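Content type PDB, C-alpha atoms and all ligand atoms, from the file upload-v6.pdb:
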MODEL        1
ATOM      1  CA  MET A   1     -20.934 -93.619 172.856  1.00  0.00           C
ATOM      2  CA  VAL A   2     -19.792 -96.440 170.623  1.00  0.00           C
ATOM      3  CA  SER A   3     -21.749 -96.990 167.468  1.00  0.00           C
ATOM      4  CA  PHE A   4     -20.852 -99.742 165.064  1.00  0.00           C
ATOM      5  CA  LYS A   5     -21.946 -99.575 161.440  1.00  0.00           C
ATOM      6  CA  LEU A   6     -22.671-102.130 158.760  1.00  0.00           C
ATOM      7  CA  PRO A   7     -19.761-101.925 156.307  1.00  0.00           C
ATOM      8  CA  ALA A   8     -20.736-101.551 152.648  1.00  0.00           C
ATOM      9  CA  LEU A   9     -20.214-104.691 150.599  1.00  0.00           C
ATOM     10  CA  PRO A  10     -17.104-104.170 148.453  1.00  0.00           C
ATOM     11  CA  TYR A  11     -19.078-105.506 145.425  1.00  0.00           C
ATOM     12  CA  SER A  12     -22.704-105.804 144.358  1.00  0.00           C
ATOM     13  CA  TYR A  13     -25.124-108.379 145.742  1.00  0.00           C
ATOM     14  CA  ASN A  14     -25.102-110.347 142.487  1.00  0.00           C
ATOM     15  CA  ALA A  15     -21.310-110.224 142.046  1.00  0.00           C
ATOM     16  CA  LEU A  16     -20.596-113.690 143.448  1.00  0.00           C
ATOM     17  CA  GLU A  17     -23.101-115.481 141.183  1.00  0.00           C
ATOM     18  CA  PRO A  18     -23.417-118.316 140.404  1.00  0.00           C
ATOM     19  CA  PHE A  19     -21.440-119.559 143.413  1.00  0.00           C
ATOM     20  CA  ILE A  20     -23.234-117.468 146.019  1.00  0.00           C
ATOM     21  CA  ASP A  21     -26.641-116.281 144.868  1.00  0.00           C
ATOM     22  CA  THR A  22     -27.967-112.720 144.958  1.00  0.00           C
ATOM     23  CA  GLN A  23     -30.821-113.335 147.392  1.00  0.00           C
ATOM     24  CA  THR A  24     -28.536-115.060 149.896  1.00  0.00           C
ATOM     25  CA  MET A  25     -26.119-112.135 149.725  1.00  0.00           C
ATOM     26  CA  GLU A  26     -28.924-109.563 150.166  1.00  0.00           C
ATOM     27  CA  ILE A  27     -30.328-111.297 153.225  1.00  0.00           C
ATOM     28  CA  HIS A  28     -26.938-112.275 154.654  1.00  0.00           C
ATOM     29  CA  HIS A  29     -25.440-108.791 154.457  1.00  0.00           C
ATOM     30  CA  GLY A  30     -28.536-106.596 154.662  1.00  0.00           C
ATOM     31  CA  LYS A  31     -30.445-108.527 157.333  1.00  0.00           C
ATOM     32  CA  HIS A  32     -28.171-110.915 159.250  1.00  0.00           C
ATOM     33  CA  HIS A  33     -25.047-108.758 159.449  1.00  0.00           C
ATOM     34  CA  GLN A  34     -27.190-105.665 160.027  1.00  0.00           C
ATOM     35  CA  ALA A  35     -28.883-107.447 162.941  1.00  0.00           C
ATOM     36  CA  TYR A  36     -25.504-108.271 164.544  1.00  0.00           C
ATOM     37  CA  VAL A  37     -24.528-104.601 164.273  1.00  0.00           C
ATOM     38  CA  THR A  38     -27.849-103.360 165.670  1.00  0.00           C
ATOM     39  CA  ASN A  39     -27.816-105.866 168.526  1.00  0.00           C
ATOM     40  CA  LEU A  40     -24.166-105.103 169.316  1.00  0.00           C
ATOM     41  CA  ASN A  41     -25.021-101.408 169.538  1.00  0.00           C
ATOM     42  CA  ASN A  42     -27.989-102.194 171.790  1.00  0.00           C
ATOM     43  CA  ALA A  43     -25.829-104.410 174.003  1.00  0.00           C
ATOM     44  CA  SER A  44     -23.157-101.669 174.191  1.00  0.00           C
ATOM     45  CA  ALA A  45     -25.535 -98.796 174.924  1.00  0.00           C
ATOM     46  CA  GLY A  46     -24.458 -96.791 177.966  1.00  0.00           C
ATOM     47  CA  LYS A  47     -21.344 -98.938 178.560  1.00  0.00           C
ATOM     48  CA  GLU A  48     -17.672 -98.043 178.348  1.00  0.00           C
ATOM     49  CA  MET A  49     -16.479 -99.989 175.325  1.00  0.00           C
ATOM     50  CA  PRO A  50     -13.536 -99.720 172.942  1.00  0.00           C
ATOM     51  CA  GLU A  51     -14.447 -98.327 169.521  1.00  0.00           C
ATOM     52  CA  ASP A  52     -12.291-100.953 167.841  1.00  0.00           C
ATOM     53  CA  ILE A  53     -14.184-104.236 167.469  1.00  0.00           C
ATOM     54  CA  VAL A  54     -10.846-106.106 167.472  1.00  0.00           C
ATOM     55  CA  GLU A  55     -10.090-104.854 171.003  1.00  0.00           C
ATOM     56  CA  ILE A  56     -13.469-106.129 172.160  1.00  0.00           C
ATOM     57  CA  ILE A  57     -13.024-109.489 170.416  1.00  0.00           C
ATOM     58  CA  LYS A  58      -9.559-110.059 171.930  1.00  0.00           C
ATOM     59  CA  ASN A  59     -10.962-109.564 175.449  1.00  0.00           C
ATOM     60  CA  ILE A  60     -14.374-111.070 174.840  1.00  0.00           C
ATOM     61  CA  SER A  61     -14.430-112.976 178.147  1.00  0.00           C
ATOM     62  CA  LYS A  62     -14.935-109.612 179.898  1.00  0.00           C
ATOM     63  CA  TYR A  63     -18.212-109.001 178.113  1.00  0.00           C
ATOM     64  CA  PRO A  64     -21.710-110.487 178.386  1.00  0.00           C
ATOM     65  CA  MET A  65     -22.979-113.074 175.900  1.00  0.00           C
ATOM     66  CA  PRO A  66     -24.882-110.631 173.630  1.00  0.00           C
ATOM     67  CA  VAL A  67     -21.583-108.798 172.975  1.00  0.00           C
ATOM     68  CA  ARG A  68     -19.813-112.095 172.249  1.00  0.00           C
ATOM     69  CA  ASN A  69     -22.507-113.283 169.833  1.00  0.00           C
ATOM     70  CA  ASN A  70     -23.162-110.000 168.050  1.00  0.00           C
ATOM     71  CA  GLY A  71     -19.637-108.582 168.236  1.00  0.00           C
ATOM     72  CA  GLY A  72     -18.390-111.890 166.868  1.00  0.00           C
ATOM     73  CA  GLY A  73     -21.047-111.759 164.175  1.00  0.00           C
ATOM     74  CA  HIS A  74     -19.987-108.247 163.192  1.00  0.00           C
ATOM     75  CA  PHE A  75     -16.256-109.066 163.103  1.00  0.00           C
ATOM     76  CA  ASN A  76     -16.673-112.409 161.312  1.00  0.00           C
ATOM     77  CA  HIS A  77     -18.940-111.114 158.551  1.00  0.00           C
ATOM     78  CA  SER A  78     -16.794-108.004 157.993  1.00  0.00           C
ATOM     79  CA  LEU A  79     -13.859-110.353 157.337  1.00  0.00           C
ATOM     80  CA  PHE A  80     -15.963-112.743 155.241  1.00  0.00           C
ATOM     81  CA  TRP A  81     -17.097-110.041 152.749  1.00  0.00           C
ATOM     82  CA  GLU A  82     -13.528-108.904 152.263  1.00  0.00           C
ATOM     83  CA  ILE A  83     -11.966-112.296 151.663  1.00  0.00           C
ATOM     84  CA  MET A  84     -14.397-112.907 148.807  1.00  0.00           C
ATOM     85  CA  ALA A  85     -14.551-111.107 145.452  1.00  0.00           C
ATOM     86  CA  PRO A  86     -15.989-111.514 141.965  1.00  0.00           C
ATOM     87  CA  ASN A  87     -13.616-112.887 139.298  1.00  0.00           C
ATOM     88  CA  ALA A  88     -11.520-114.352 142.088  1.00  0.00           C
ATOM     89  CA  GLY A  89     -10.727-117.893 143.163  1.00  0.00           C
ATOM     90  CA  GLY A  90      -7.774-119.565 141.523  1.00  0.00           C
ATOM     91  CA  LYS A  91      -4.726-120.204 143.628  1.00  0.00           C
ATOM     92  CA  PRO A  92      -2.812-118.220 146.234  1.00  0.00           C
ATOM     93  CA  SER A  93       0.734-117.197 145.309  1.00  0.00           C
ATOM     94  CA  GLY A  94       3.965-115.862 146.780  1.00  0.00           C
ATOM     95  CA  GLU A  95       4.794-116.258 150.467  1.00  0.00           C
ATOM     96  CA  LEU A  96       1.280-117.387 151.320  1.00  0.00           C
ATOM     97  CA  LEU A  97       1.496-120.263 148.827  1.00  0.00           C
ATOM     98  CA  ASP A  98       4.944-121.185 150.175  1.00  0.00           C
ATOM     99  CA  ALA A  99       3.506-121.293 153.705  1.00  0.00           C
ATOM    100  CA  ILE A 100       0.546-123.405 152.510  1.00  0.00           C
ATOM    101  CA  ASN A 101       2.858-125.860 150.757  1.00  0.00           C
ATOM    102  CA  SER A 102       5.153-126.226 153.751  1.00  0.00           C
ATOM    103  CA  GLY A 103       2.305-126.344 156.283  1.00  0.00           C
ATOM    104  CA  PHE A 104      -0.173-128.618 154.505  1.00  0.00           C
ATOM    105  CA  GLY A 105       1.666-130.281 151.611  1.00  0.00           C
ATOM    106  CA  ASP A 106      -0.126-128.442 148.831  1.00  0.00           C
ATOM    107  CA  PHE A 107      -3.073-126.158 148.105  1.00  0.00           C
ATOM    108  CA  ASP A 108      -5.529-129.039 147.543  1.00  0.00           C
ATOM    109  CA  LYS A 109      -4.696-130.442 150.988  1.00  0.00           C
ATOM    110  CA  LEU A 110      -5.408-127.047 152.542  1.00  0.00           C
ATOM    111  CA  LYS A 111      -8.771-126.920 150.756  1.00  0.00           C
ATOM    112  CA  GLY A 112      -9.502-130.419 152.050  1.00  0.00           C
ATOM    113  CA  GLN A 113      -8.710-129.429 155.616  1.00  0.00           C
ATOM    114  CA  ILE A 114     -10.852-126.302 155.543  1.00  0.00           C
ATOM    115  CA  GLY A 115     -13.691-128.232 153.877  1.00  0.00           C
ATOM    116  CA  GLY A 116     -13.344-130.895 156.567  1.00  0.00           C
ATOM    117  CA  ALA A 117     -13.386-128.291 159.342  1.00  0.00           C
ATOM    118  CA  GLY A 118     -16.553-126.798 157.846  1.00  0.00           C
ATOM    119  CA  MET A 119     -18.239-130.166 157.425  1.00  0.00           C
ATOM    120  CA  THR A 120     -17.456-131.428 160.926  1.00  0.00           C
ATOM    121  CA  ARG A 121     -18.559-128.224 162.660  1.00  0.00           C
ATOM    122  CA  PHE A 122     -21.891-129.441 164.067  1.00  0.00           C
ATOM    123  CA  GLY A 123     -24.676-126.876 163.808  1.00  0.00           C
ATOM    124  CA  SER A 124     -23.670-123.272 163.167  1.00  0.00           C
ATOM    125  CA  GLY A 125     -20.172-121.863 163.068  1.00  0.00           C
ATOM    126  CA  TRP A 126     -17.133-121.017 160.999  1.00  0.00           C
ATOM    127  CA  ALA A 127     -14.087-122.732 159.512  1.00  0.00           C
ATOM    128  CA  TRP A 128     -10.863-120.725 159.626  1.00  0.00           C
ATOM    129  CA  LEU A 129      -7.360-120.434 158.279  1.00  0.00           C
ATOM    130  CA  ILE A 130      -5.316-118.748 160.987  1.00  0.00           C
ATOM    131  CA  VAL A 131      -1.761-117.671 161.729  1.00  0.00           C
ATOM    132  CA  LYS A 132      -0.679-119.169 165.027  1.00  0.00           C
ATOM    133  CA  ASP A 133       2.886-118.693 166.311  1.00  0.00           C
ATOM    134  CA  GLY A 134       4.016-117.740 162.806  1.00  0.00           C
ATOM    135  CA  LYS A 135       2.478-120.827 161.203  1.00  0.00           C
ATOM    136  CA  LEU A 136      -0.728-121.522 159.286  1.00  0.00           C
ATOM    137  CA  GLU A 137      -3.362-123.669 160.954  1.00  0.00           C
ATOM    138  CA  VAL A 138      -6.948-124.711 160.199  1.00  0.00           C
ATOM    139  CA  CYS A 139      -9.634-124.713 162.894  1.00  0.00           C
ATOM    140  CA  SER A 140     -13.323-124.078 163.417  1.00  0.00           C
ATOM    141  CA  THR A 141     -15.456-122.286 165.993  1.00  0.00           C
ATOM    142  CA  PRO A 142     -19.108-122.599 167.054  1.00  0.00           C
ATOM    143  CA  ASN A 143     -21.747-119.883 166.634  1.00  0.00           C
ATOM    144  CA  GLN A 144     -20.134-116.460 166.082  1.00  0.00           C
ATOM    145  CA  ASP A 145     -16.953-117.186 168.021  1.00  0.00           C
ATOM    146  CA  ASN A 146     -13.614-116.760 166.257  1.00  0.00           C
ATOM    147  CA  PRO A 147      -9.941-117.628 166.909  1.00  0.00           C
ATOM    148  CA  LEU A 148      -9.094-114.067 167.947  1.00  0.00           C
ATOM    149  CA  MET A 149     -11.295-114.422 171.027  1.00  0.00           C
ATOM    150  CA  ASP A 150      -9.563-115.091 174.327  1.00  0.00           C
ATOM    151  CA  ILE A 151     -12.049-117.909 174.963  1.00  0.00           C
ATOM    152  CA  ALA A 152     -11.277-119.739 171.695  1.00  0.00           C
ATOM    153  CA  GLU A 153     -10.113-123.355 171.904  1.00  0.00           C
ATOM    154  CA  VAL A 154      -7.536-122.698 169.139  1.00  0.00           C
ATOM    155  CA  LYS A 155      -6.267-119.120 169.162  1.00  0.00           C
ATOM    156  CA  GLY A 156      -4.672-117.243 166.294  1.00  0.00           C
ATOM    157  CA  VAL A 157      -5.166-114.468 163.767  1.00  0.00           C
ATOM    158  CA  PRO A 158      -7.844-115.385 161.211  1.00  0.00           C
ATOM    159  CA  ILE A 159      -6.844-114.638 157.604  1.00  0.00           C
ATOM    160  CA  LEU A 160      -9.671-116.566 155.904  1.00  0.00           C
ATOM    161  CA  GLY A 161     -13.030-117.642 157.280  1.00  0.00           C
ATOM    162  CA  VAL A 162     -15.992-119.439 155.787  1.00  0.00           C
ATOM    163  CA  ASP A 163     -19.449-119.114 157.289  1.00  0.00           C
ATOM    164  CA  VAL A 164     -21.130-122.519 157.672  1.00  0.00           C
ATOM    165  CA  TRP A 165     -24.362-121.258 159.216  1.00  0.00           C
ATOM    166  CA  GLU A 166     -27.300-122.491 157.132  1.00  0.00           C
ATOM    167  CA  HIS A 167     -28.233-118.868 156.361  1.00  0.00           C
ATOM    168  CA  ALA A 168     -24.999-118.672 154.316  1.00  0.00           C
ATOM    169  CA  TYR A 169     -26.052-121.361 151.836  1.00  0.00           C
ATOM    170  CA  TYR A 170     -29.509-122.835 152.406  1.00  0.00           C
ATOM    171  CA  LEU A 171     -31.448-120.928 149.704  1.00  0.00           C
ATOM    172  CA  LYS A 172     -29.182-122.230 146.932  1.00  0.00           C
ATOM    173  CA  TYR A 173     -27.652-125.380 148.389  1.00  0.00           C
ATOM    174  CA  GLN A 174     -30.304-126.488 150.937  1.00  0.00           C
ATOM    175  CA  ASN A 175     -28.695-129.225 153.053  1.00  0.00           C
ATOM    176  CA  ARG A 176     -25.669-129.602 150.748  1.00  0.00           C
ATOM    177  CA  ARG A 177     -23.060-127.843 152.845  1.00  0.00           C
ATOM    178  CA  ALA A 178     -20.284-129.714 151.022  1.00  0.00           C
ATOM    179  CA  ASP A 179     -21.373-128.248 147.654  1.00  0.00           C
ATOM    180  CA  TYR A 180     -21.364-124.757 149.129  1.00  0.00           C
ATOM    181  CA  LEU A 181     -17.891-125.302 150.586  1.00  0.00           C
ATOM    182  CA  ASP A 182     -16.642-126.513 147.177  1.00  0.00           C
ATOM    183  CA  ALA A 183     -18.157-123.490 145.420  1.00  0.00           C
ATOM    184  CA  PHE A 184     -16.636-121.093 147.972  1.00  0.00           C
ATOM    185  CA  TRP A 185     -13.157-121.588 146.454  1.00  0.00           C
ATOM    186  CA  ASN A 186     -14.341-119.865 143.269  1.00  0.00           C
ATOM    187  CA  VAL A 187     -14.850-116.583 145.095  1.00  0.00           C
ATOM    188  CA  VAL A 188     -11.879-116.445 147.472  1.00  0.00           C
ATOM    189  CA  ASN A 189      -9.994-113.160 147.199  1.00  0.00           C
ATOM    190  CA  TRP A 190      -6.457-114.497 147.625  1.00  0.00           C
ATOM    191  CA  ALA A 191      -4.923-111.040 147.344  1.00  0.00           C
ATOM    192  CA  GLU A 192      -6.812-110.021 150.486  1.00  0.00           C
ATOM    193  CA  VAL A 193      -5.966-113.276 152.285  1.00  0.00           C
ATOM    194  CA  ALA A 194      -2.281-112.717 151.403  1.00  0.00           C
ATOM    195  CA  ARG A 195      -2.478-109.150 152.719  1.00  0.00           C
ATOM    196  CA  ARG A 196      -3.909-110.443 156.008  1.00  0.00           C
ATOM    197  CA  TYR A 197      -1.232-113.158 156.127  1.00  0.00           C
ATOM    198  CA  ALA A 198       1.570-110.597 155.744  1.00  0.00           C
ATOM    199  CA  GLU A 199      -0.054-108.400 158.403  1.00  0.00           C
ATOM    200  CA  ALA A 200      -0.414-111.308 160.842  1.00  0.00           C
ATOM    201  CA  MET A 201       3.212-112.378 160.311  1.00  0.00           C
ATOM    202  CA  LYS A 202       4.403-108.888 161.290  1.00  0.00           C
ATOM    203  CA  SER A 203       2.696-108.957 164.683  1.00  0.00           C
TER     204      SER A 203
HETATM  205 MN   MN3 A 301     -23.533-115.498 158.442  1.00  0.00          MN
ENDMDL
END

Can the structure from this file be put into structure tokens for me?
Ligand code: MN3
Amino acid sequence: MVSFKLPALPYSYNALEPFIDTQTMEIHHGKHHQAYVTNLNNASAGKEMPEDIVEIIKNISKYPMPVRNNGGGHFNHSLFWEIMAPNAGGKPSGELLDAINSGFGDFDKLKGQIGGAGMTRFGSGWAWLIVKDGKLEVCSTPNQDNPLMDIAEVKGVPILGVDVWEHAYYLKYQNRRADYLDAFWNVVNWAEVARRYAEAMKS
């Protein structure tokens, strides 16, 4: 039987202060992500399912809504924790920066596009930087959907995602989603995003 597990945070709950506060991280990882994992396991109980969440996500149209919502939640948050880090931020470099410059003009324009995608996503969802047909693209998805899902409007391999559900920022930023999206850039782990970019370009 398949059993998904909450991945350990790769840093402590207070590591992303002051940009993302300790209490938000505790609740977001320990309660919200844990609930997606628990509910995914409940929805999978007694069913033939792949053990790899990516295989489920890629064929999500074959599964009922609880698997889409909670499997998406599990995949999205697992990515989110990894593309952030303490003492991070700054600018991307190397081939990723080259691709950003040729795709968007410069790094600030990319930040503007992702911020815009996050701001215009009505209600809950995610803003993404994806690799699509060998090129970088920015998009957003509702709820816990993501661009790897076969039902996604814009499909591609996500290499960076930012959670714009209120639970991701409300305790510190209340209704100021734009301030949260600005602060997010201080904790982006560009080394991990670059690793995911290189991986996506190989496939
Ligand atoms: Mn969340």

- Taking into account all atoms listed in the file, which residue in the set A:Val37, A:Met49, A:Ile159, A:Val188 is nearest to Leu16 of chain A?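 For Leu16 of chain A, the nearest of the given residues is A:Val188.
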
- Message: So that I can check the surroundings of segment 168-171 of chain A, please list as number ranges by chain every protein, DNA and RNA residue that reaches within 10 Å of it, counting all atoms listed in the file and ignoring chain neighbours fewer than 4 positions away.
- Response: A: 19-21, 23-25, 27-29, 32, 162-164, 175-177, 179-181

Based on the selection just made, write C-alpha atoms of those residues as a JSON list (two decimals), keeping the file's coordinate frame.
[["chain", "number", "residue", "atom", "x", "y", "z"],
["A", 19, "PHE", "CA", -21.44, -119.56, 143.41],
["A", 20, "ILE", "CA", -23.23, -117.47, 146.02],
["A", 21, "ASP", "CA", -26.64, -116.28, 144.87],
["A", 23, "GLN", "CA", -30.82, -113.34, 147.39],
["A", 24, "THR", "CA", -28.54, -115.06, 149.90],
["A", 25, "MET", "CA", -26.12, -112.14, 149.72],
["A", 27, "ILE", "CA", -30.33, -111.30, 153.22],
["A", 28, "HIS", "CA", -26.94, -112.28, 154.65],
["A", 29, "HIS", "CA", -25.44, -108.79, 154.46],
["A", 32, "HIS", "CA", -28.17, -110.92, 159.25],
["A", 162, "VAL", "CA", -15.99, -119.44, 155.79],
["A", 163, "ASP", "CA", -19.45, -119.11, 157.29],
["A", 164, "VAL", "CA", -21.13, -122.52, 157.67],
["A", 175, "ASN", "CA", -28.70, -129.22, 153.05],
["A", 176, "ARG", "CA", -25.67, -129.60, 150.75],
["A", 177, "ARG", "CA", -23.06, -127.84, 152.84],
["A", 179, "ASP", "CA", -21.37, -128.25, 147.65],
["A", 180, "TYR", "CA", -21.36, -124.76, 149.13],
["A", 181, "LEU", "CA", -17.89, -125.30, 150.59]]

- Pick the closest to Leu6 of chain A from A:Ser78, A:Asn189, A:Thr141, A:Asn70: which is it, counting all atoms listed in the file?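 Of the candidates, the smallest distance to Leu6 of chain A is held by A:Ser78.
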
- Message: Considering all atoms listed in the file, can you say which of A:Ser124, A:Leu136, A:Leu79, A:Ala200 comes closest to Gly103 of chain A?
- Response: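 Among the listed residues, the smallest separation from Gly103 of chain A belongs to A:Leu136.
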
- Task: Identify which of the residues A:Leu160, A:Val2, A:Ala45, A:Ile151 lies closest to Pro92 of chain A, counting all atoms listed in the file when measuring atom-to-atom distances.
- Result: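 Nearest candidate to Pro92 of chain A out of A:Leu160, A:Val2, A:Ala45, A:Ile151: A:Leu160.
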
- Task: Could you tell me how far atom CA of Leu9 of chain A lies from atom CA of Ala183 of chain A, in Å and to one decimal?
- Result: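 Pair atom CA of Leu9 of chain A / atom CA of Ala183 of chain A returns 19.6 Å.
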
- Out of A:Leu97, A:Met84, A:Cys139, A:Ala152, which residue has the shortest atom-to-atom distance to Gly72 of chain A when counting all atoms listed in the file? A:Ala152

- Message: Can you pull out the residues contacting segment 50-55 of chain A? Cut-off 8 Å, using only C-alpha atoms, and skip same-chain residues under 3 positions away; I want them as a ChimeraX atom specification.
- Response: /A:2-4,58-59,71,75

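Between Trp165 of chain A and the candidates A:Tyr197, A:Trp190, A:Phe122, A:Trp128, the tightest atom-to-atom separation, counting only C-alpha atoms, involves A:Phe122.
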
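Taking atom CA of Ser140 of chain A as the reference point, atom CA of Arg121 of chain A is found at 6.7 Å.
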
- Message: Could you tell me, as a PyMOL selection string, exactly which residues end up selected when the PyMOL selection byres (((chain A and resi 149) around 9) and not hetatm) is applied to this structure?
- Response: chain A and resi 56-61+68+72+145-148+150-152+155-156

- Message: What does the structure give for the distance between atom CA of Asn87 of chain A and atom CA of Val193 of chain A, in Å to one decimal?
- Response: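 Pair atom CA of Asn87 of chain A / atom CA of Val193 of chain A returns 15.1 Å.
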
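When the PyMOL selection byres (((chain A and resi 107) around 12) and not hetatm) is evaluated against the file, it yields Gly90, Lys91, Pro92, Ser93, Leu96, Leu97, Asp98, Ala99, Ile100, Asn101, Ser102, Gly103, Phe104, Gly105, Asp106, Asp108, Lys109, Leu110, Lys111, Gly112, Gln113, Ile114 and Trp185 of chain A.
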
Let's have the selection written as an mmCIF file, in the coordinates of the input, with C-alpha atoms.
data_model
loop_
_atom_site.group_PDB
_atom_site.id
_atom_site.type_symbol
_atom_site.label_atom_id
_atom_site.label_comp_id
_atom_site.auth_asym_id
_atom_site.auth_seq_id
_atom_site.Cartn_x
_atom_site.Cartn_y
_atom_site.Cartn_z
ATOM 1 C CA GLY A 90 -7.774 -119.565 141.523
ATOM 2 C CA LYS A 91 -4.726 -120.204 143.628
ATOM 3 C CA PRO A 92 -2.812 -118.220 146.234
ATOM 4 C CA SER A 93 0.734 -117.197 145.309
ATOM 5 C CA LEU A 96 1.280 -117.387 151.320
ATOM 6 C CA LEU A 97 1.496 -120.263 148.827
ATOM 7 C CA ASP A 98 4.944 -121.185 150.175
ATOM 8 C CA ALA A 99 3.506 -121.293 153.705
ATOM 9 C CA ILE A 100 0.546 -123.405 152.510
ATOM 10 C CA ASN A 101 2.858 -125.860 150.757
ATOM 11 C CA SER A 102 5.153 -126.226 153.751
ATOM 12 C CA GLY A 103 2.305 -126.344 156.283
ATOM 13 C CA PHE A 104 -0.173 -128.618 154.505
ATOM 14 C CA GLY A 105 1.666 -130.281 151.611
ATOM 15 C CA ASP A 106 -0.126 -128.442 148.831
ATOM 16 C CA ASP A 108 -5.529 -129.039 147.543
ATOM 17 C CA LYS A 109 -4.696 -130.442 150.988
ATOM 18 C CA LEU A 110 -5.408 -127.047 152.542
ATOM 19 C CA LYS A 111 -8.771 -126.920 150.756
ATOM 20 C CA GLY A 112 -9.502 -130.419 152.050
ATOM 21 C CA GLN A 113 -8.710 -129.429 155.616
ATOM 22 C CA ILE A 114 -10.852 -126.302 155.543
ATOM 23 C CA TRP A 185 -13.157 -121.588 146.454
#
